[in-house]
Amino acid sequence: MFRGRFEHALDSKGRISIPSKFREILNKKYDERLIITNFDHCLLAFPFEEWNQLVEQKVGSFSILKKETSSFLRFFYSSAIDCTIDTQGRLLIPQTLRDYANLKKEVVLVGEGRFFEIFAKEHWLEVAKQAEEGFDQIRDTLANLGI
């Protein structure tokens, strides 16, 4: 499971170093292939196997007859790109995805269990602040779920 938050920098070619803890998980449970796509002004990075289980099977079963679903699927799938981690543990993020997530230099990788997110540092700070400010509501929601 991907856990934790790691700050890294994009190099001049648009590559980021994958945190060693994330690489350990990929090496033990998966392979070097990731599917990266855009979502909510950040990027989602799925190990290939998780993409098939979480996205292809579940998201792929959504009805395309609903306008909202069709719009989401177009947006989500059209930006999905197969990427490979190089032998030095770096991931080249395509320019279109860097532009979407406004990745310039400083990035934050955030573990989300079976996948991880890649944020521009400024955006991550906003998202984290919003979550912290809304924590009472989140706490109530979690309590209602029995957590």
# chains A, B, ... in the order shown; residues from 1 in each chain; ligands from 1
>>> residues_around(residues="region 92-102 of chain A", least_positions_apart="5", cutoff="6 Å", atoms="only C-alpha atoms", output="list in words")
Gly14, Arg15, His41 and Cys42 of chain A
>>> write_last_selection(atoms="C-alpha atoms", output="PDB file, in the first residue's frame")
ATOM      1  CA  GLY A  14      10.189  16.561 -16.649  1.00  0.00           C
ATOM      2  CA  ARG A  15      11.236  13.531 -14.603  1.00  0.00           C
ATOM      3  CA  HIS A  41      -5.920  19.222 -10.899  1.00  0.00           C
ATOM      4  CA  CYS A  42      -3.362  16.612  -9.921  1.00  0.00           C
TER       5      CYS A  42
END
>>> select_by_dssp(residues="region 25-128 of chain A", states="alpha helix (DSSP H)", output="NGL selection string")
:A and (25-29 or 48-50 or 67-78 or 95-100 or 121-128)
>>> select_by_dssp(residues="region 3-121 of chain A", states="strand (DSSP E)", output="VMD selection string")
chain A and resid 5 to 9 15 to 17 33 to 39 42 to 47 81 to 84 90 to 92 106 to 111 116 to 120
>>> write_last_selection(atoms="C-alpha atoms", output="mmCIF file, in the first residue's frame")
data_model
loop_
_atom_site.group_PDB
_atom_site.id
_atom_site.type_symbol
_atom_site.label_atom_id
_atom_site.label_comp_id
_atom_site.auth_asym_id
_atom_site.auth_seq_id
_atom_site.Cartn_x
_atom_site.Cartn_y
_atom_site.Cartn_z
ATOM 1 C CA ARG A 5 3.901 12.195 1.531
ATOM 2 C CA PHE A 6 7.159 12.942 -0.250
ATOM 3 C CA GLU A 7 8.458 16.175 -1.727
ATOM 4 C CA HIS A 8 10.586 15.991 -4.855
ATOM 5 C CA ALA A 9 11.644 18.224 -7.715
ATOM 6 C CA ARG A 15 11.236 13.531 -14.603
ATOM 7 C CA ILE A 16 10.638 12.921 -10.928
ATOM 8 C CA SER A 17 12.372 10.480 -8.676
ATOM 9 C CA ARG A 33 4.733 0.109 -15.385
ATOM 10 C CA LEU A 34 2.441 2.898 -14.241
ATOM 11 C CA ILE A 35 -0.650 4.398 -15.804
ATOM 12 C CA ILE A 36 -0.826 8.125 -15.136
ATOM 13 C CA THR A 37 -3.873 10.277 -15.778
ATOM 14 C CA ASN A 38 -5.323 13.606 -14.761
ATOM 15 C CA PHE A 39 -7.872 14.079 -12.019
ATOM 16 C CA CYS A 42 -3.362 16.612 -9.921
ATOM 17 C CA LEU A 43 -2.172 13.342 -11.436
ATOM 18 C CA LEU A 44 -3.070 9.812 -10.413
ATOM 19 C CA ALA A 45 -0.414 7.112 -10.830
ATOM 20 C CA PHE A 46 -1.646 3.526 -10.835
ATOM 21 C CA PRO A 47 0.473 0.397 -11.020
ATOM 22 C CA ILE A 81 -0.619 7.350 -20.473
ATOM 23 C CA ASP A 82 1.517 4.255 -19.924
ATOM 24 C CA CYS A 83 4.784 5.234 -18.253
ATOM 25 C CA THR A 84 7.777 3.209 -17.151
ATOM 26 C CA ARG A 90 12.728 8.179 -12.272
ATOM 27 C CA LEU A 91 9.429 8.704 -14.015
ATOM 28 C CA LEU A 92 9.083 10.921 -17.073
ATOM 29 C CA GLU A 106 8.442 21.301 -6.671
ATOM 30 C CA VAL A 107 6.052 18.344 -6.530
ATOM 31 C CA VAL A 108 4.494 16.275 -3.774
ATOM 32 C CA LEU A 109 3.765 12.568 -4.119
ATOM 33 C CA VAL A 110 0.977 11.369 -1.831
ATOM 34 C CA GLY A 111 0.239 7.715 -1.126
ATOM 35 C CA PHE A 116 -0.474 7.598 -5.517
ATOM 36 C CA GLU A 117 -1.093 11.195 -6.489
ATOM 37 C CA ILE A 118 1.314 13.758 -7.883
ATOM 38 C CA PHE A 119 0.630 17.389 -6.980
ATOM 39 C CA ALA A 120 2.254 20.713 -7.665
#
>>> closest_residue(among="A:Phe135, A:Gly4, A:Ser71, A:Leu103", to="Ser20 (chain A)", atoms="only C-alpha atoms")
A:Gly4
>>> closest_residue(among="A:Asp40, A:Glu32, A:Glu133, A:Asp11", to="Phe72 (chain A)", atoms="only C-alpha atoms")
A:Asp40
>>> atom_distance(atom1="CA of Phe76 (chain A)", atom2="CA of Lys121 (chain A)")
22.1 Å
>>> atom_distance(atom1="CA of Arg114 (chain A)", atom2="CA of Phe2 (chain A)")
6.1 Å
>>> atom_distance(atom1="CA of Val59 (chain A)", atom2="CA of Phe115 (chain A)")
15.2 Å
>>> closest_residue(among="A:Leu65, A:Leu125, A:Ala80, A:Glu50", to="Leu26 (chain A)", atoms="only C-alpha atoms")
A:Glu50
>>> closest_residue(among="A:Phe62, A:Asn27, A:Met1, A:Lys21", to="Thr87 (chain A)", atoms="only C-alpha atoms")
A:Asn27
